[in-house]
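One structure is given below, encoded as structure tokens.
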Amino acid sequence: MEEYKIVEEEVVEEKEYVIPTPAALIPLIEENWFLPCIFGFEPWCWVRKYKDPVINFVIHAIEVSDANAHLLKGEIDGTITTLFQNKSEEGWTWLYNVKTHEVKDKHKVKGSADLSGNFKENIVVEALDEVLCKIKNTISKTKPGKEVKIKTTFKKKGYMKTIVSILEILLTGHIYVDDEVNVKVEYQWKGDMHVVEKKIKIKAWLPVKNVHFSFS
């Protein structure tokens, strides 16, 4: 087995909230209640409308690489690669005439689905019920349709028996893990900061590349 494979995935917690910007800094008018629109050609007959962006993303570890096991030290280190994919869709805006129902100046709002944030990841070797590593890292501004691979080094210390057991699994070229990710992403929409937080649990096979060991 050389490819990453998800066996089971579940979003166990999810919440969304808004961090508002002071209204004085956001001169956005979506409706006009104080000037009547009689004929349709009055400037105030045109109001700005919006369609919210659709936020969707994927995040999980995809690979273990460059693992080095130091048996006498009872230590193993290496690199975990985590994949973040932004599958979001940008929001839209347009001008709408409340009298004639005409629409003009319709376009996507650039940057409205760019995602930034941070995550914590806990990877457990299921066969041993042993934590391989705990990861903290950040997600730089990622545009819709793009993906980034975030490489994080790790070091695991334990009894020689534990390190040998992990090494034996790594040498097979793949490892079955419980991957738990707590992620928070942020994006700007209509002047406010929007936040999405998720806790995701994944059972998966991770490919393993370049494993070395020594008795030092």
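Residues in the structure tokens are named by chain (A, B, ... in the order shown) and by number from 1 within that chain; ligands are numbered from 1 in the order shown.
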
With only C-alpha atoms counted and 7 Å as the cut-off, give the residues of stretch 77-173 of chain A in contact with stretch 46-70 of chain A, each with its shortest interatomic distance in Å and the pair that gives it, as JSON lines.
{"residue": "A:Asp77", "atom": "CA", "partner": "A:Asn68", "partner_atom": "CA", "distance": 5.3}
{"residue": "A:Gly78", "atom": "CA", "partner": "A:Ala67", "partner_atom": "CA", "distance": 4.0}
{"residue": "A:Thr79", "atom": "CA", "partner": "A:Ser65", "partner_atom": "CA", "distance": 5.2}
{"residue": "A:Ile80", "atom": "CA", "partner": "A:Val64", "partner_atom": "CA", "distance": 4.8}
{"residue": "A:Thr81", "atom": "CA", "partner": "A:Glu63", "partner_atom": "CA", "distance": 5.3}
{"residue": "A:Thr82", "atom": "CA", "partner": "A:Ala61", "partner_atom": "CA", "distance": 4.0}
{"residue": "A:Leu83", "atom": "CA", "partner": "A:Ile59", "partner_atom": "CA", "distance": 5.5}
{"residue": "A:Phe84", "atom": "CA", "partner": "A:Ile59", "partner_atom": "CA", "distance": 4.5}
{"residue": "A:Gln85", "atom": "CA", "partner": "A:Val58", "partner_atom": "CA", "distance": 5.1}
{"residue": "A:Asn86", "atom": "CA", "partner": "A:Phe57", "partner_atom": "CA", "distance": 4.6}
{"residue": "A:Lys87", "atom": "CA", "partner": "A:Asn56", "partner_atom": "CA", "distance": 5.0}
{"residue": "A:Ser88", "atom": "CA", "partner": "A:Ile55", "partner_atom": "CA", "distance": 4.5}
{"residue": "A:Glu89", "atom": "CA", "partner": "A:Val54", "partner_atom": "CA", "distance": 5.0}
{"residue": "A:Glu90", "atom": "CA", "partner": "A:Pro53", "partner_atom": "CA", "distance": 4.7}
{"residue": "A:Gly91", "atom": "CA", "partner": "A:Pro53", "partner_atom": "CA", "distance": 3.8}
{"residue": "A:Trp92", "atom": "CA", "partner": "A:Lys51", "partner_atom": "CA", "distance": 5.0}
{"residue": "A:Thr93", "atom": "CA", "partner": "A:Tyr50", "partner_atom": "CA", "distance": 4.4}
{"residue": "A:Trp94", "atom": "CA", "partner": "A:Lys49", "partner_atom": "CA", "distance": 5.4}
{"residue": "A:Leu95", "atom": "CA", "partner": "A:Arg48", "partner_atom": "CA", "distance": 4.6}
{"residue": "A:Tyr96", "atom": "CA", "partner": "A:Trp46", "partner_atom": "CA", "distance": 5.3}
{"residue": "A:Asn97", "atom": "CA", "partner": "A:Trp46", "partner_atom": "CA", "distance": 4.5}
{"residue": "A:Val98", "atom": "CA", "partner": "A:Trp46", "partner_atom": "CA", "distance": 6.5}
{"residue": "A:Ser112", "atom": "CA", "partner": "A:Pro53", "partner_atom": "CA", "distance": 6.6}
{"residue": "A:Ala113", "atom": "CA", "partner": "A:Pro53", "partner_atom": "CA", "distance": 6.3}
{"residue": "A:Leu167", "atom": "CA", "partner": "A:Ala69", "partner_atom": "CA", "distance": 6.8}

Those residues you just picked out, can you put them in a file as a tab-separated table (two decimals), in the first residue's frame with C-alpha atoms?
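Final output, selection03.tsv:
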chain	number	residue	atom	x	y	z
A	77	ASP	CA	11.85	11.06	14.86
A	78	GLY	CA	10.62	11.97	11.43
A	79	THR	CA	8.30	14.19	9.41
A	80	ILE	CA	4.52	14.21	9.17
A	81	THR	CA	2.90	15.86	6.15
A	82	THR	CA	-0.57	17.31	6.68
A	83	LEU	CA	-2.72	18.23	3.68
A	84	PHE	CA	-5.06	21.24	3.74
A	85	GLN	CA	-7.44	21.70	0.81
A	86	ASN	CA	-9.62	24.77	0.43
A	87	LYS	CA	-12.80	23.62	-1.35
A	88	SER	CA	-14.70	26.83	-0.67
A	89	GLU	CA	-16.61	29.05	-3.10
A	90	GLU	CA	-16.27	32.83	-3.06
A	91	GLY	CA	-19.23	35.05	-2.25
A	92	TRP	CA	-21.03	37.23	-4.78
A	93	THR	CA	-22.26	40.82	-4.83
A	94	TRP	CA	-24.47	42.81	-7.19
A	95	LEU	CA	-26.63	45.93	-7.44
A	96	TYR	CA	-30.40	45.38	-7.41
A	97	ASN	CA	-33.12	47.84	-8.38
A	98	VAL	CA	-35.98	47.53	-5.90
A	112	SER	CA	-13.92	36.25	0.41
A	113	ALA	CA	-13.10	32.54	0.75
A	167	LEU	CA	9.67	0.77	13.81

Determine which residues of stretch 44-204 of chain A DSSP labels as alpha helix (DSSP H) from the backbone of this structure, then write them out as number ranges by chain. A: 160-170

Using DSSP on the backbone coordinates, identify the residues of stretch 104-154 of chain A assigned to strand (DSSP E or B); present them as a PyMOL selection string. chain A and resi 104-108+115-125+130-142+147-154

What's around stretch 175-192 of chain A at 6 Å? Count only C-alpha atoms, leave out sequence neighbours fewer than 4 positions away in its own chain, and write the answer as a PyMOL selection string. chain A and resi 20-21+112+114-126+196-206

Would you put the residues from that selection into a file with N, CA and C atoms, as an mmCIF file, in the first residue's frame?
data_model
loop_
_atom_site.group_PDB
_atom_site.id
_atom_site.type_symbol
_atom_site.label_atom_id
_atom_site.label_comp_id
_atom_site.auth_asym_id
_atom_site.auth_seq_id
_atom_site.Cartn_x
_atom_site.Cartn_y
_atom_site.Cartn_z
ATOM 1 N N PRO A 20 -17.238 40.831 14.802
ATOM 2 C CA PRO A 20 -17.626 42.012 14.022
ATOM 3 C C PRO A 20 -16.595 43.125 14.068
ATOM 4 N N THR A 21 -16.568 43.883 12.984
ATOM 5 C CA THR A 21 -15.756 45.085 12.906
ATOM 6 C C THR A 21 -16.659 46.267 13.254
ATOM 7 N N SER A 112 -12.894 36.502 -0.602
ATOM 8 C CA SER A 112 -13.922 36.247 0.414
ATOM 9 C C SER A 112 -13.931 34.813 0.923
ATOM 10 N N ASP A 114 -10.733 33.090 1.065
ATOM 11 C CA ASP A 114 -9.344 32.782 1.409
ATOM 12 C C ASP A 114 -9.296 32.384 2.884
ATOM 13 N N LEU A 115 -8.680 31.251 3.185
ATOM 14 C CA LEU A 115 -8.694 30.714 4.546
ATOM 15 C C LEU A 115 -7.313 30.761 5.194
ATOM 16 N N SER A 116 -7.282 31.212 6.425
ATOM 17 C CA SER A 116 -6.080 31.184 7.263
ATOM 18 C C SER A 116 -6.474 30.601 8.620
ATOM 19 N N GLY A 117 -5.489 30.148 9.374
ATOM 20 C CA GLY A 117 -5.827 29.650 10.699
ATOM 21 C C GLY A 117 -4.742 28.807 11.318
ATOM 22 N N ASN A 118 -5.160 27.894 12.189
ATOM 23 C CA ASN A 118 -4.210 27.018 12.865
ATOM 24 C C ASN A 118 -4.888 25.692 13.174
ATOM 25 N N PHE A 119 -4.074 24.701 13.495
ATOM 26 C CA PHE A 119 -4.635 23.391 13.836
ATOM 27 C C PHE A 119 -3.740 22.669 14.830
ATOM 28 N N LYS A 120 -4.379 21.744 15.554
ATOM 29 C CA LYS A 120 -3.679 20.800 16.421
ATOM 30 C C LYS A 120 -4.043 19.400 15.951
ATOM 31 N N GLU A 121 -3.046 18.537 15.890
ATOM 32 C CA GLU A 121 -3.273 17.192 15.348
ATOM 33 C C GLU A 121 -2.652 16.159 16.281
ATOM 34 N N ASN A 122 -3.409 15.119 16.573
ATOM 35 C CA ASN A 122 -2.953 14.048 17.440
ATOM 36 C C ASN A 122 -3.027 12.745 16.654
ATOM 37 N N ILE A 123 -1.878 12.095 16.435
ATOM 38 C CA ILE A 123 -1.831 10.892 15.607
ATOM 39 C C ILE A 123 -1.453 9.694 16.472
ATOM 40 N N VAL A 124 -2.342 8.714 16.491
ATOM 41 C CA VAL A 124 -2.167 7.526 17.329
ATOM 42 C C VAL A 124 -1.980 6.302 16.444
ATOM 43 N N VAL A 125 -0.956 5.499 16.753
ATOM 44 C CA VAL A 125 -0.770 4.216 16.076
ATOM 45 C C VAL A 125 -1.802 3.252 16.645
ATOM 46 N N GLU A 126 -2.806 2.922 15.856
ATOM 47 C CA GLU A 126 -3.944 2.190 16.407
ATOM 48 C C GLU A 126 -3.558 0.804 16.917
ATOM 49 N N VAL A 196 -14.537 29.464 11.549
ATOM 50 C CA VAL A 196 -15.093 28.111 11.554
ATOM 51 C C VAL A 196 -14.150 27.220 12.341
ATOM 52 N N GLU A 197 -14.689 26.499 13.331
ATOM 53 C CA GLU A 197 -13.892 25.558 14.110
ATOM 54 C C GLU A 197 -14.461 24.153 13.944
ATOM 55 N N LYS A 198 -13.567 23.182 13.762
ATOM 56 C CA LYS A 198 -14.002 21.798 13.621
ATOM 57 C C LYS A 198 -13.080 20.865 14.390
ATOM 58 N N LYS A 199 -13.671 19.803 14.913
ATOM 59 C CA LYS A 199 -12.908 18.689 15.465
ATOM 60 C C LYS A 199 -13.231 17.480 14.590
ATOM 61 N N ILE A 200 -12.200 16.929 13.966
ATOM 62 C CA ILE A 200 -12.385 15.866 12.979
ATOM 63 C C ILE A 200 -11.614 14.626 13.425
ATOM 64 N N LYS A 201 -12.274 13.475 13.360
ATOM 65 C CA LYS A 201 -11.618 12.207 13.676
ATOM 66 C C LYS A 201 -11.572 11.342 12.416
ATOM 67 N N ILE A 202 -10.375 10.827 12.120
ATOM 68 C CA ILE A 202 -10.167 10.065 10.890
ATOM 69 C C ILE A 202 -9.381 8.796 11.206
ATOM 70 N N LYS A 203 -9.833 7.687 10.667
ATOM 71 C CA LYS A 203 -9.042 6.456 10.657
ATOM 72 C C LYS A 203 -8.509 6.286 9.239
ATOM 73 N N ALA A 204 -7.198 6.098 9.117
ATOM 74 C CA ALA A 204 -6.620 6.089 7.775
ATOM 75 C C ALA A 204 -5.309 5.310 7.723
ATOM 76 N N TRP A 205 -4.976 4.894 6.511
ATOM 77 C CA TRP A 205 -3.666 4.309 6.223
ATOM 78 C C TRP A 205 -2.754 5.408 5.683
ATOM 79 N N LEU A 206 -1.613 5.607 6.341
ATOM 80 C CA LEU A 206 -0.622 6.572 5.885
ATOM 81 C C LEU A 206 0.557 5.848 5.254
#

Counting only C-alpha atoms, which residues of stretch 196-216 of chain A fall within 12 Å of stretch 157-165 of chain A, and what is the closest atom pair for each with its distance in Å at one decimal, ordered by chain and rising number, as a Markdown table?
| residue | atom | partner | partner_atom | distance |
| --- | --- | --- | --- | --- |
| A:His212 | CA | A:Val164 | CA | 11.9 |
| A:Phe213 | CA | A:Val164 | CA | 9.5 |
| A:Ser214 | CA | A:Val164 | CA | 10.9 |
| A:Phe215 | CA | A:Met160 | CA | 10.4 |
| A:Ser216 | CA | A:Met160 | CA | 11.8 |

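The space separating atom CA of A:Glu13 from atom CA of A:Val195 comes to 13.9 Å.
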
Using only C-alpha atoms, which of A:Lys5, A:Gly173, A:Lys15, A:Lys134 sits nearest A:His194?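 Selected residue with least distance to A:His194: A:Lys15.
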
Between A:Lys156, A:Ile139, A:Val211, A:Lys110, which residue has the minimum interatomic distance to A:His174, considering only C-alpha atoms? A:Val211
